[in-house]
file final07.cif (mmCIF, C-alpha atoms and all ligand atoms)
data_final
#
loop_
_atom_site.group_PDB
_atom_site.id
_atom_site.type_symbol
_atom_site.label_atom_id
_atom_site.label_comp_id
_atom_site.auth_asym_id
_atom_site.auth_seq_id
_atom_site.Cartn_x
_atom_site.Cartn_y
_atom_site.Cartn_z
ATOM 1 C CA MET S 1 -112.131 116.501 -42.470
ATOM 2 C CA ARG S 2 -112.162 117.011 -46.221
ATOM 3 C CA ALA S 3 -109.972 113.961 -46.586
ATOM 4 C CA VAL S 4 -112.382 111.864 -44.555
ATOM 5 C CA ALA S 5 -115.317 113.065 -46.680
ATOM 6 C CA ARG S 6 -113.384 112.210 -49.834
ATOM 7 C CA GLY S 7 -112.604 108.761 -48.421
ATOM 8 C CA ALA S 8 -116.243 108.146 -47.601
ATOM 9 C CA ALA S 9 -117.300 109.219 -51.086
ATOM 10 C CA PHE S 10 -114.688 106.882 -52.541
ATOM 11 C CA VAL S 11 -115.933 103.932 -50.479
ATOM 12 C CA ALA S 12 -119.545 104.788 -51.375
ATOM 13 C CA GLY S 13 -118.530 104.890 -55.040
ATOM 14 C CA LEU S 14 -116.852 101.514 -54.719
ATOM 15 C CA LEU S 15 -119.912 100.015 -53.074
ATOM 16 C CA THR S 16 -122.262 101.428 -55.711
ATOM 17 C CA GLY S 17 -119.940 100.124 -58.469
ATOM 18 C CA GLY S 18 -119.845 96.723 -56.785
ATOM 19 C CA VAL S 19 -123.632 96.595 -56.553
ATOM 20 C CA VAL S 20 -124.019 97.618 -60.216
ATOM 21 C CA ALA S 21 -121.428 95.036 -61.274
ATOM 22 C CA GLY S 22 -123.153 92.423 -59.148
ATOM 23 C CA VAL S 23 -126.545 93.138 -60.711
ATOM 24 C CA ALA S 24 -125.010 93.026 -64.217
ATOM 25 C CA LEU S 25 -123.284 89.705 -63.407
ATOM 26 C CA ALA S 26 -126.516 88.232 -62.091
ATOM 27 C CA ARG S 27 -128.303 89.288 -65.307
ATOM 28 C CA VAL S 28 -125.577 87.718 -67.470
ATOM 29 C CA THR S 29 -125.658 84.507 -65.406
ATOM 30 C CA ALA S 30 -129.445 84.277 -65.730
ATOM 31 C CA ARG S 31 -129.257 84.868 -69.503
ATOM 32 C CA THR S 32 -126.516 82.240 -69.856
ATOM 33 C CA ARG S 33 -128.611 79.788 -67.871
ATOM 34 C CA VAL S 34 -131.620 80.359 -70.143
ATOM 35 C CA GLU S 35 -129.452 79.988 -73.248
ATOM 36 C CA CYS S 36 -127.889 76.764 -71.938
ATOM 37 C CA ARG S 37 -131.339 75.355 -71.230
ATOM 38 C CA ALA S 38 -132.503 76.242 -74.753
ATOM 39 C CA GLN S 39 -129.394 74.633 -76.263
ATOM 40 C CA ALA S 40 -129.891 71.468 -74.200
ATOM 41 C CA ALA S 41 -133.533 71.274 -75.328
ATOM 42 C CA GLU S 42 -132.450 71.741 -78.956
ATOM 43 C CA ALA S 43 -129.766 69.030 -78.636
ATOM 44 C CA ASP S 44 -132.335 66.716 -77.082
ATOM 45 C CA ARG S 45 -134.808 67.390 -79.930
ATOM 46 C CA SER S 46 -132.245 66.730 -82.646
ATOM 47 C CA HIS S 47 -131.028 63.561 -80.864
ATOM 48 C CA ARG S 48 -134.624 62.303 -80.735
ATOM 49 C CA SER S 49 -135.254 63.041 -84.419
ATOM 50 C CA GLU S 50 -131.957 61.323 -85.336
ATOM 51 C CA GLN S 51 -133.066 58.246 -83.372
ATOM 52 C CA GLU S 52 -136.450 58.258 -85.138
ATOM 53 C CA LEU S 53 -134.731 58.519 -88.518
ATOM 54 C CA LEU S 54 -132.402 55.658 -87.622
ATOM 55 C CA THR S 55 -135.349 53.481 -86.578
ATOM 56 C CA LYS S 56 -137.134 54.257 -89.860
ATOM 57 C CA LEU S 57 -134.001 53.474 -91.892
ATOM 58 C CA ARG S 58 -133.540 50.170 -90.056
ATOM 59 C CA ALA S 59 -137.169 49.238 -90.736
ATOM 60 C CA LEU S 60 -136.725 50.156 -94.399
ATOM 61 C CA ASP S 61 -133.580 48.046 -94.652
ATOM 62 C CA ALA S 62 -135.340 45.085 -93.010
ATOM 63 C CA ALA S 63 -138.292 45.485 -95.420
ATOM 64 C CA LYS S 64 -135.902 45.538 -98.386
ATOM 65 C CA THR S 65 -134.139 42.394 -97.161
ATOM 66 C CA ASP S 66 -137.513 40.661 -96.649
ATOM 67 C CA PHE S 67 -138.657 41.717 -100.094
ATOM 68 C CA MET S 68 -135.491 40.371 -101.702
ATOM 69 C CA ALA S 69 -135.840 37.095 -99.837
ATOM 70 C CA THR S 70 -139.508 36.682 -100.828
ATOM 71 C CA VAL S 71 -138.951 37.502 -104.499
ATOM 72 C CA SER S 72 -135.932 35.201 -104.707
ATOM 73 C CA HIS S 73 -137.832 32.423 -103.025
ATOM 74 C CA GLU S 74 -140.751 32.798 -105.430
ATOM 75 C CA LEU S 75 -138.402 32.758 -108.428
ATOM 76 C CA ARG S 76 -136.813 29.517 -107.316
ATOM 77 C CA THR S 77 -139.796 27.258 -108.055
ATOM 78 C CA PRO S 78 -140.432 28.214 -111.714
ATOM 79 C CA LEU S 79 -136.700 28.235 -112.334
ATOM 80 C CA THR S 80 -136.333 24.711 -110.969
ATOM 81 C CA SER S 81 -139.069 23.638 -113.383
ATOM 82 C CA ILE S 82 -137.372 25.357 -116.367
ATOM 83 C CA SER S 83 -134.021 23.748 -115.487
ATOM 84 C CA GLY S 84 -135.682 20.334 -115.107
ATOM 85 C CA TYR S 85 -137.321 20.461 -118.556
ATOM 86 C CA VAL S 86 -134.113 21.753 -120.164
ATOM 87 C CA GLU S 87 -132.245 18.773 -118.695
ATOM 88 C CA LEU S 88 -134.931 16.397 -120.035
ATOM 89 C CA LEU S 89 -134.554 17.888 -123.527
ATOM 90 C CA ARG S 90 -130.762 17.686 -123.342
ATOM 91 C CA ASP S 91 -131.065 13.998 -122.499
ATOM 92 C CA ALA S 92 -133.183 13.393 -125.612
ATOM 93 C CA GLU S 93 -131.858 11.133 -128.348
ATOM 94 C CA HIS S 94 -129.396 12.961 -130.555
ATOM 95 C CA ASP S 95 -131.424 12.664 -133.752
ATOM 96 C CA GLU S 96 -134.509 14.150 -132.061
ATOM 97 C CA LEU S 97 -132.930 17.634 -131.948
ATOM 98 C CA SER S 98 -131.015 19.522 -134.598
ATOM 99 C CA ASP S 99 -127.556 20.989 -133.826
ATOM 100 C CA ALA S 100 -129.031 24.498 -133.717
ATOM 101 C CA GLN S 101 -131.650 23.368 -131.197
ATOM 102 C CA GLN S 102 -128.940 21.702 -129.065
ATOM 103 C CA ARG S 103 -126.974 24.981 -129.022
ATOM 104 C CA MET S 104 -130.075 26.937 -127.993
ATOM 105 C CA LEU S 105 -130.648 24.477 -125.156
ATOM 106 C CA GLU S 106 -127.064 25.032 -123.960
ATOM 107 C CA VAL S 107 -127.702 28.772 -123.812
ATOM 108 C CA ILE S 108 -130.957 28.280 -121.870
ATOM 109 C CA ALA S 109 -129.216 25.895 -119.450
ATOM 110 C CA ARG S 110 -126.291 28.306 -118.896
ATOM 111 C CA ASN S 111 -128.551 31.265 -118.202
ATOM 112 C CA ALA S 112 -130.841 29.249 -115.956
ATOM 113 C CA ARG S 113 -127.740 28.269 -113.941
ATOM 114 C CA ARG S 114 -126.675 31.921 -113.661
ATOM 115 C CA LEU S 115 -130.129 32.906 -112.456
ATOM 116 C CA ARG S 116 -130.109 30.072 -109.921
ATOM 117 C CA GLU S 117 -126.723 31.200 -108.564
ATOM 118 C CA LEU S 118 -127.959 34.789 -108.306
ATOM 119 C CA ILE S 119 -131.080 33.706 -106.426
ATOM 120 C CA GLU S 120 -129.030 31.556 -104.057
ATOM 121 C CA ASP S 121 -126.712 34.539 -103.395
ATOM 122 C CA ILE S 122 -129.629 36.849 -102.618
ATOM 123 C CA LEU S 123 -131.202 34.243 -100.333
ATOM 124 C CA THR S 124 -127.908 33.654 -98.518
ATOM 125 C CA LEU S 125 -127.438 37.373 -98.012
ATOM 126 C CA SER S 126 -130.935 37.904 -96.650
ATOM 127 C CA ARG S 127 -130.606 34.863 -94.382
ATOM 128 C CA ILE S 128 -127.342 36.239 -93.007
ATOM 129 C CA GLU S 129 -128.786 39.739 -92.593
ATOM 130 C CA ASN S 130 -131.830 38.405 -90.769
ATOM 131 C CA GLY S 131 -129.549 36.642 -88.323
ATOM 132 C CA GLY S 132 -130.477 33.229 -89.733
ATOM 133 C CA PHE S 133 -126.826 32.490 -90.344
ATOM 134 C CA ARG S 134 -126.109 31.866 -86.698
ATOM 135 C CA SER S 135 -126.035 28.140 -87.266
ATOM 136 C CA GLN S 136 -124.203 25.881 -84.825
ATOM 137 C CA PRO S 137 -120.565 26.511 -85.548
ATOM 138 C CA GLY S 138 -118.293 23.534 -85.320
ATOM 139 C CA GLU S 139 -114.559 23.044 -85.318
ATOM 140 C CA VAL S 140 -113.274 23.703 -88.825
ATOM 141 C CA ASP S 141 -109.775 23.320 -90.230
ATOM 142 C CA PHE S 142 -109.439 26.498 -92.295
ATOM 143 C CA ALA S 143 -106.503 24.963 -94.170
ATOM 144 C CA GLU S 144 -108.870 22.243 -95.462
ATOM 145 C CA VAL S 145 -111.405 24.897 -96.520
ATOM 146 C CA VAL S 146 -108.649 26.585 -98.539
ATOM 147 C CA GLU S 147 -107.481 23.301 -100.097
ATOM 148 C CA ARG S 148 -111.061 22.436 -101.123
ATOM 149 C CA ALA S 149 -111.535 25.820 -102.796
ATOM 150 C CA LEU S 150 -108.193 25.511 -104.603
ATOM 151 C CA ALA S 151 -109.228 22.137 -106.002
ATOM 152 C CA GLU S 152 -112.552 23.592 -107.143
ATOM 153 C CA ILE S 153 -111.137 26.666 -108.883
ATOM 154 C CA GLY S 154 -108.511 24.589 -110.737
ATOM 155 C CA PRO S 155 -110.467 23.939 -113.973
ATOM 156 C CA ALA S 156 -111.669 27.575 -114.305
ATOM 157 C CA ALA S 157 -108.109 28.854 -113.764
ATOM 158 C CA THR S 158 -106.706 26.467 -116.369
ATOM 159 C CA LYS S 159 -109.397 27.504 -118.833
ATOM 160 C CA ALA S 160 -108.543 31.193 -118.271
ATOM 161 C CA SER S 161 -104.765 30.487 -118.449
ATOM 162 C CA VAL S 162 -104.281 31.947 -114.974
ATOM 163 C CA GLY S 163 -101.648 30.271 -112.793
ATOM 164 C CA VAL S 164 -102.646 29.492 -109.201
ATOM 165 C CA HIS S 165 -99.931 29.133 -106.536
ATOM 166 C CA ALA S 166 -100.650 28.125 -102.983
ATOM 167 C CA GLU S 167 -98.775 28.248 -99.686
ATOM 168 C CA VAL S 168 -100.976 26.715 -97.032
ATOM 169 C CA ARG S 169 -99.500 26.041 -93.610
ATOM 170 C CA GLY S 170 -102.129 24.040 -91.715
ATOM 171 C CA PRO S 171 -103.765 22.889 -89.641
ATOM 172 C CA LEU S 172 -105.677 26.122 -88.921
ATOM 173 C CA PRO S 173 -108.463 25.145 -86.535
ATOM 174 C CA LEU S 174 -111.205 27.637 -85.806
ATOM 175 C CA ARG S 175 -114.808 27.676 -84.625
ATOM 176 C CA GLY S 176 -117.022 28.365 -87.579
ATOM 177 C CA ASP S 177 -119.440 27.215 -90.231
ATOM 178 C CA GLY S 178 -117.527 25.164 -92.803
ATOM 179 C CA VAL S 179 -120.174 25.580 -95.522
ATOM 180 C CA GLN S 180 -120.224 29.361 -95.153
ATOM 181 C CA LEU S 181 -116.424 29.541 -95.096
ATOM 182 C CA ASP S 182 -116.348 27.430 -98.287
ATOM 183 C CA ARG S 183 -118.478 30.190 -99.803
ATOM 184 C CA VAL S 184 -116.032 32.904 -98.774
ATOM 185 C CA LEU S 185 -113.134 31.038 -100.358
ATOM 186 C CA ALA S 186 -115.079 30.219 -103.521
ATOM 187 C CA ASN S 187 -116.057 33.885 -103.956
ATOM 188 C CA LEU S 188 -112.564 35.242 -103.360
ATOM 189 C CA LEU S 189 -110.859 32.714 -105.632
ATOM 190 C CA SER S 190 -113.432 33.127 -108.380
ATOM 191 C CA ASN S 191 -112.934 36.933 -108.234
ATOM 192 C CA ALA S 192 -109.149 36.585 -108.351
ATOM 193 C CA VAL S 193 -109.332 34.313 -111.403
ATOM 194 C CA LYS S 194 -112.036 36.150 -113.336
ATOM 195 C CA PHE S 195 -110.530 39.623 -112.857
ATOM 196 C CA THR S 196 -107.046 38.449 -113.904
ATOM 197 C CA PRO S 197 -106.217 38.360 -117.606
ATOM 198 C CA ALA S 198 -104.582 35.326 -119.252
ATOM 199 C CA GLU S 199 -100.979 34.645 -118.191
ATOM 200 C CA GLY S 200 -101.573 36.379 -114.846
ATOM 201 C CA THR S 201 -101.176 34.690 -111.459
ATOM 202 C CA VAL S 202 -103.176 34.156 -108.298
ATOM 203 C CA THR S 203 -101.323 33.420 -105.066
ATOM 204 C CA VAL S 204 -103.159 31.986 -102.079
ATOM 205 C CA ARG S 205 -101.485 31.999 -98.655
ATOM 206 C CA ALA S 206 -102.972 30.658 -95.441
ATOM 207 C CA ARG S 207 -101.166 30.632 -92.110
ATOM 208 C CA HIS S 208 -101.545 31.064 -88.384
ATOM 209 C CA ASP S 209 -100.604 34.458 -86.968
ATOM 210 C CA ASN S 210 -101.002 35.697 -83.430
ATOM 211 C CA GLY S 211 -104.127 33.690 -82.539
ATOM 212 C CA GLU S 212 -105.732 34.160 -85.944
ATOM 213 C CA ALA S 213 -106.067 32.166 -89.147
ATOM 214 C CA VAL S 214 -104.900 34.475 -91.918
ATOM 215 C CA LEU S 215 -105.751 34.096 -95.585
ATOM 216 C CA GLU S 216 -104.352 36.163 -98.435
ATOM 217 C CA VAL S 217 -105.621 35.940 -101.992
ATOM 218 C CA ALA S 218 -103.391 38.026 -104.244
ATOM 219 C CA ASP S 219 -103.771 38.452 -107.991
ATOM 220 C CA THR S 220 -102.022 40.312 -110.782
ATOM 221 C CA GLY S 221 -105.311 41.367 -112.350
ATOM 222 C CA MET S 222 -107.102 44.544 -113.377
ATOM 223 C CA GLY S 223 -107.365 45.965 -109.832
ATOM 224 C CA ILE S 224 -110.044 48.351 -108.595
ATOM 225 C CA PRO S 225 -110.034 52.154 -109.116
ATOM 226 C CA GLU S 226 -108.996 53.806 -105.850
ATOM 227 C CA ASP S 227 -112.030 56.089 -105.537
ATOM 228 C CA GLU S 228 -114.396 53.108 -105.796
ATOM 229 C CA GLN S 229 -112.775 50.883 -103.204
ATOM 230 C CA ASN S 230 -114.870 52.056 -100.250
ATOM 231 C CA ALA S 231 -118.029 50.683 -101.918
ATOM 232 C CA LEU S 232 -116.677 47.135 -102.407
ATOM 233 C CA PHE S 233 -118.766 45.469 -99.713
ATOM 234 C CA LEU S 234 -122.068 47.037 -100.757
ATOM 235 C CA ARG S 235 -124.668 44.791 -102.375
ATOM 236 C CA PHE S 236 -124.684 44.864 -106.179
ATOM 237 C CA PHE S 237 -121.582 47.052 -106.356
ATOM 238 C CA ARG S 238 -119.414 46.505 -109.461
ATOM 239 C CA ALA S 239 -116.346 48.591 -110.265
ATOM 240 C CA THR S 240 -116.426 50.646 -113.468
ATOM 241 C CA ASN S 241 -113.462 48.794 -115.025
ATOM 242 C CA ALA S 242 -115.197 45.421 -114.481
ATOM 243 C CA ILE S 243 -118.366 46.734 -116.151
ATOM 244 C CA ARG S 244 -116.384 48.308 -118.996
ATOM 245 C CA ARG S 245 -114.600 45.019 -119.727
ATOM 246 C CA ALA S 246 -117.884 43.116 -119.381
ATOM 247 C CA VAL S 247 -116.555 40.675 -116.763
ATOM 248 C CA PRO S 248 -119.683 38.769 -115.651
ATOM 249 C CA GLY S 249 -120.976 39.119 -112.098
ATOM 250 C CA THR S 250 -123.735 40.541 -109.941
ATOM 251 C CA GLY S 251 -121.806 42.282 -107.200
ATOM 252 C CA LEU S 252 -123.002 40.090 -104.332
ATOM 253 C CA GLY S 253 -119.926 37.927 -103.657
ATOM 254 C CA LEU S 254 -117.950 40.395 -101.536
ATOM 255 C CA ALA S 255 -121.046 41.535 -99.614
ATOM 256 C CA ILE S 256 -121.646 37.882 -98.684
ATOM 257 C CA CYS S 257 -117.966 37.344 -97.769
ATOM 258 C CA HIS S 258 -117.996 40.437 -95.571
ATOM 259 C CA LYS S 259 -121.093 39.310 -93.646
ATOM 260 C CA ILE S 260 -119.798 35.766 -93.145
ATOM 261 C CA VAL S 261 -116.342 36.889 -91.982
ATOM 262 C CA ASP S 262 -117.968 39.451 -89.694
ATOM 263 C CA ASN S 263 -120.170 36.747 -88.186
ATOM 264 C CA HIS S 264 -117.014 34.759 -87.444
ATOM 265 C CA GLY S 265 -115.598 37.736 -85.533
ATOM 266 C CA GLY S 266 -113.029 38.307 -88.265
ATOM 267 C CA THR S 267 -111.994 41.050 -90.666
ATOM 268 C CA ILE S 268 -111.661 41.309 -94.428
ATOM 269 C CA LEU S 269 -109.477 43.914 -96.155
ATOM 270 C CA VAL S 270 -109.024 44.678 -99.826
ATOM 271 C CA ASP S 271 -105.807 46.260 -101.030
ATOM 272 C CA SER S 272 -105.826 47.063 -104.717
ATOM 273 C CA ILE S 273 -104.044 49.094 -107.380
ATOM 274 C CA GLU S 274 -105.727 49.502 -110.740
ATOM 275 C CA ASN S 275 -103.970 47.600 -113.518
ATOM 276 C CA VAL S 276 -101.506 46.099 -111.023
ATOM 277 C CA GLY S 277 -103.501 43.706 -108.863
ATOM 278 C CA THR S 278 -105.565 43.039 -105.784
ATOM 279 C CA THR S 279 -104.873 41.381 -102.441
ATOM 280 C CA VAL S 280 -107.725 40.367 -100.158
ATOM 281 C CA THR S 281 -106.748 39.555 -96.568
ATOM 282 C CA VAL S 282 -109.095 37.678 -94.245
ATOM 283 C CA ARG S 283 -108.334 37.223 -90.549
ATOM 284 C CA ILE S 284 -110.467 34.957 -88.379
ATOM 285 C CA PRO S 285 -109.892 34.256 -84.668
ATOM 286 C CA ALA S 286 -108.591 30.724 -84.217
ATOM 287 C CA VAL S 287 -108.999 28.141 -81.463
ATOM 288 C CA TRP S 288 -106.213 26.072 -79.987
HETATM 289 N N1 LIG D 301 -109.819 40.429 -107.348
HETATM 290 C C1 LIG D 301 -110.438 41.467 -107.895
HETATM 291 N N2 LIG D 301 -109.844 42.181 -108.889
HETATM 292 C C2 LIG D 301 -110.468 43.252 -109.435
HETATM 293 N N3 LIG D 301 -111.702 43.670 -109.090
HETATM 294 C C3 LIG D 301 -112.342 42.990 -108.115
HETATM 295 C C4 LIG D 301 -111.750 41.862 -107.473
HETATM 296 N N4 LIG D 301 -112.620 41.398 -106.559
HETATM 297 C C5 LIG D 301 -113.701 42.204 -106.627
HETATM 298 N N5 LIG D 301 -113.538 43.156 -107.556
HETATM 299 C C6 LIG D 301 -114.473 44.247 -107.894
HETATM 300 O O1 LIG D 301 -115.450 44.311 -106.892
HETATM 301 C C7 LIG D 301 -116.751 44.083 -107.450
HETATM 302 C C8 LIG D 301 -117.606 43.345 -106.460
HETATM 303 O O2 LIG D 301 -117.121 42.005 -106.288
HETATM 304 P P1 LIG D 301 -118.168 40.852 -106.023
HETATM 305 O O3 LIG D 301 -117.434 39.586 -105.842
HETATM 306 O O4 LIG D 301 -119.052 41.316 -104.919
HETATM 307 O O5 LIG D 301 -119.072 40.861 -107.336
HETATM 308 P P2 LIG D 301 -118.927 40.105 -108.715
HETATM 309 O O6 LIG D 301 -117.766 39.178 -108.711
HETATM 310 O O7 LIG D 301 -118.941 41.155 -109.766
HETATM 311 O O8 LIG D 301 -120.280 39.298 -108.796
HETATM 312 P P3 LIG D 301 -120.666 37.964 -107.981
HETATM 313 O O9 LIG D 301 -119.562 37.715 -106.984
HETATM 314 O O10 LIG D 301 -121.948 38.307 -107.321
HETATM 315 O O11 LIG D 301 -120.770 36.911 -108.998
HETATM 316 C C9 LIG D 301 -116.487 43.340 -108.738
HETATM 317 O O12 LIG D 301 -117.534 43.485 -109.665
HETATM 318 C C10 LIG D 301 -115.211 43.997 -109.215
HETATM 319 O O13 LIG D 301 -115.477 45.223 -109.815
HETATM 320 MG MG MG D 302 -117.497 37.807 -107.064
#
call {"tool": "encode", "arguments": {"input": "final07.cif", "output": "structure tokens", "more": "lines below"}}
Ligand SMILES: Nc1ncnc2c1ncn2[C@@H]1O[C@H](COP(=O)(O)OP(=O)(O)OP(=O)(O)O)[C@@H](O)[C@H]1O
Ligand SMILES: [Mg+2]
result
Amino acid sequence: MRAVARGAAFVAGLLTGGVVAGVALARVTARTRVECRAQAAEADRSHRSEQELLTKLRALDAAKTDFMATVSHELRTPLTSISGYVELLRDAEHDELSDAQQRMLEVIARNARRLRELIEDILTLSRIENGGFRSQPGEVDFAEVVERALAEIGPAATKASVGVHAEVRGPLPLRGDGVQLDRVLANLLSNAVKFTPAEGTVTVRARHDNGEAVLEVADTGMGIPEDEQNALFLRFFRATNAIRRAVPGTGLGLAICHKIVDNHGGTILVDSIENVGTTVTVRIPAVW
């Protein structure tokens, strides 16, 4: 009888324990549910504020691009007038101007040209960023683009005593904008030549590889410090060694190249070691 009573007490104890545990579990579950809901609401709030921030940043970027385009456009007209009058003066009879005046005119003409190039670069960049670049692409032979740029850079390379070697295996047909691709090549070759000291070399290779036209522009120049390389495609970026050695430039060329190559569905990579050299590789999908 005593054993039965003990058994009943044991079962009752178990039941009470079970009920207590059940109540505790229910409380924990309810608390967890409330906490989860609060966390979800918090995540939702921070996602929304991130989206708002992103929208504001995009608007700011668009406003900056618009501003740059407007200012550049407004600068173009007076600059065209200055350049026109400088040309008129330079055409004057030789005895009308002294040698000193002729030299001053040369300086004005050179700086007006630099300003014009800068304005054109800013306008190109804002056009590309506003989506205005999406002109009708045609069939372009990339090998011809490379050959044209090589012919153009020739005199500057000779003047700087930099040797240019080329290995172009064409044709390299692709769908693209020939004028914009000319710009990419001109920028890359002008960088390779201007950042390479006398007696250095620039090697240009263009070939077809796995459905892509591949271009490599390699130089034995000053290179780019490693910790600055991730900023190369930002507008107005110039590496510290280029500034220190007073190599002229505005820092827009690579930003323009990057946008144009991107718009062609391609990639551009810069591989550089300071004081050893730089290799820029461009890959653009081809058509066959
Ligand atoms: N081949 C290179 N060798 C060494 N440094 C380079 C080379 N190409 C680019 N850079 C570095 O990257 C920077 C940005 O290049 P980018 O072409 O955009 O500007 P830039 O040549 O200085 O001016 P811009 O092209 O607008 O006339 C350069 O100022 C230079 O510091
Ligand atoms: Mg450049």
call {"tool": "resolve_selection", "arguments": {"input": "final07.cif", "expression": "the PyMOL selection byres (((chain S and resi 84-93) around 8) and not hetatm)", "output": "count of residues only"}}
result
12
call {"tool": "atom_distance", "arguments": {"input": "final07.cif", "atom1": "CA of Ala156 (chain S)", "atom2": "CA of Thr203 (chain S)"}}
result
15.1 Å
call {"tool": "residues_near_ligand", "arguments": {"input": "final07.cif", "ligand": "ligand LIG 301 (chain D)", "cutoff": "9 Å", "atoms": "only C-alpha atoms and all ligand atoms", "output": "count of residues only"}}
result
57
call {"tool": "closest_residue", "arguments": {"input": "final07.cif", "among": "S:Leu115, S:Cys36, S:Leu185, S:Val162", "to": "ligand MG 302 (chain D)", "atoms": "all atoms listed in the file"}}
result
S:Leu185
call {"tool": "atom_distance", "arguments": {"input": "final07.cif", "atom1": "CA of Ala62 (chain S)", "atom2": "CA of Ser126 (chain S)"}}
result
9.2 Å
call {"tool": "closest_residue", "arguments": {"input": "final07.cif", "among": "S:Ala286, S:Asp227, S:His73, S:Leu269", "to": "Pro173 (chain S)", "atoms": "only C-alpha atoms"}}
result
S:Ala286
call {"tool": "closest_residue", "arguments": {"input": "final07.cif", "among": "S:Ala63, S:Ala206, S:Val71, S:Ile268", "to": "Arg169 (chain S)", "atoms": "all atoms listed in the file"}}
result
S:Ala206
call {"tool": "closest_residue", "arguments": {"input": "final07.cif", "among": "S:Ala186, S:Val276, S:Ala198, S:Val179", "to": "ligand MG 302 (chain D)", "atoms": "all atoms listed in the file"}}
result
S:Ala186
call {"tool": "atom_distance", "arguments": {"input": "final07.cif", "atom1": "CA of Ile284 (chain S)", "atom2": "atom MG of ligand MG 302 (chain D)"}}
result
20.2 Å
call {"tool": "resolve_selection", "arguments": {"input": "final07.cif", "expression": "the PyMOL selection byres (((chain S and resi 158) around 12) and not hetatm)", "output": "PyMOL selection string"}}
result
chain S and resi 150-157+159-164+193-194+197-202
call {"tool": "build_atoms", "arguments": {"input": "final07.cif", "residues": "region 88-101 of chain S", "atoms": "N, CA and C atoms", "output": "PDB file, in the frame of the given file"}}
result
ATOM      1  N   LEU S  88    -134.225  17.486-119.342  1.00  0.00           N
ATOM      2  CA  LEU S  88    -134.931  16.397-120.035  1.00  0.00           C
ATOM      3  C   LEU S  88    -134.671  16.477-121.539  1.00  0.00           C
ATOM      4  N   LEU S  89    -134.788  17.691-122.088  1.00  0.00           N
ATOM      5  CA  LEU S  89    -134.554  17.888-123.527  1.00  0.00           C
ATOM      6  C   LEU S  89    -133.110  17.557-123.911  1.00  0.00           C
ATOM      7  N   ARG S  90    -132.174  17.946-123.025  1.00  0.00           N
ATOM      8  CA  ARG S  90    -130.762  17.686-123.342  1.00  0.00           C
ATOM      9  C   ARG S  90    -130.464  16.191-123.329  1.00  0.00           C
ATOM     10  N   ASP S  91    -131.257  15.449-122.555  1.00  0.00           N
ATOM     11  CA  ASP S  91    -131.065  13.998-122.499  1.00  0.00           C
ATOM     12  C   ASP S  91    -131.714  13.278-123.680  1.00  0.00           C
ATOM     13  N   ALA S  92    -132.463  14.040-124.502  1.00  0.00           N
ATOM     14  CA  ALA S  92    -133.183  13.393-125.612  1.00  0.00           C
ATOM     15  C   ALA S  92    -132.196  12.748-126.588  1.00  0.00           C
ATOM     16  N   GLU S  93    -132.715  11.799-127.352  1.00  0.00           N
ATOM     17  CA  GLU S  93    -131.858  11.133-128.348  1.00  0.00           C
ATOM     18  C   GLU S  93    -131.281  12.181-129.290  1.00  0.00           C
ATOM     19  N   HIS S  94    -130.079  11.951-129.756  1.00  0.00           N
ATOM     20  CA  HIS S  94    -129.396  12.961-130.555  1.00  0.00           C
ATOM     21  C   HIS S  94    -130.120  13.347-131.839  1.00  0.00           C
ATOM     22  N   ASP S  95    -130.776  12.325-132.479  1.00  0.00           N
ATOM     23  CA  ASP S  95    -131.424  12.664-133.752  1.00  0.00           C
ATOM     24  C   ASP S  95    -132.767  13.372-133.557  1.00  0.00           C
ATOM     25  N   GLU S  96    -133.228  13.470-132.304  1.00  0.00           N
ATOM     26  CA  GLU S  96    -134.509  14.150-132.061  1.00  0.00           C
ATOM     27  C   GLU S  96    -134.370  15.663-132.151  1.00  0.00           C
ATOM     28  N   LEU S  97    -133.150  16.178-131.926  1.00  0.00           N
ATOM     29  CA  LEU S  97    -132.930  17.634-131.948  1.00  0.00           C
ATOM     30  C   LEU S  97    -131.831  17.980-132.944  1.00  0.00           C
ATOM     31  N   SER S  98    -132.056  19.090-133.649  1.00  0.00           N
ATOM     32  CA  SER S  98    -131.015  19.522-134.598  1.00  0.00           C
ATOM     33  C   SER S  98    -129.850  20.137-133.817  1.00  0.00           C
ATOM     34  N   ASP S  99    -128.710  20.373-134.490  1.00  0.00           N
ATOM     35  CA  ASP S  99    -127.556  20.989-133.826  1.00  0.00           C
ATOM     36  C   ASP S  99    -127.902  22.379-133.306  1.00  0.00           C
ATOM     37  N   ALA S 100    -128.656  23.133-134.119  1.00  0.00           N
ATOM     38  CA  ALA S 100    -129.031  24.498-133.717  1.00  0.00           C
ATOM     39  C   ALA S 100    -129.874  24.438-132.443  1.00  0.00           C
ATOM     40  N   GLN S 101    -130.802  23.485-132.389  1.00  0.00           N
ATOM     41  CA  GLN S 101    -131.650  23.368-131.197  1.00  0.00           C
ATOM     42  C   GLN S 101    -130.811  22.986-129.963  1.00  0.00           C
TER      43      GLN S 101
END
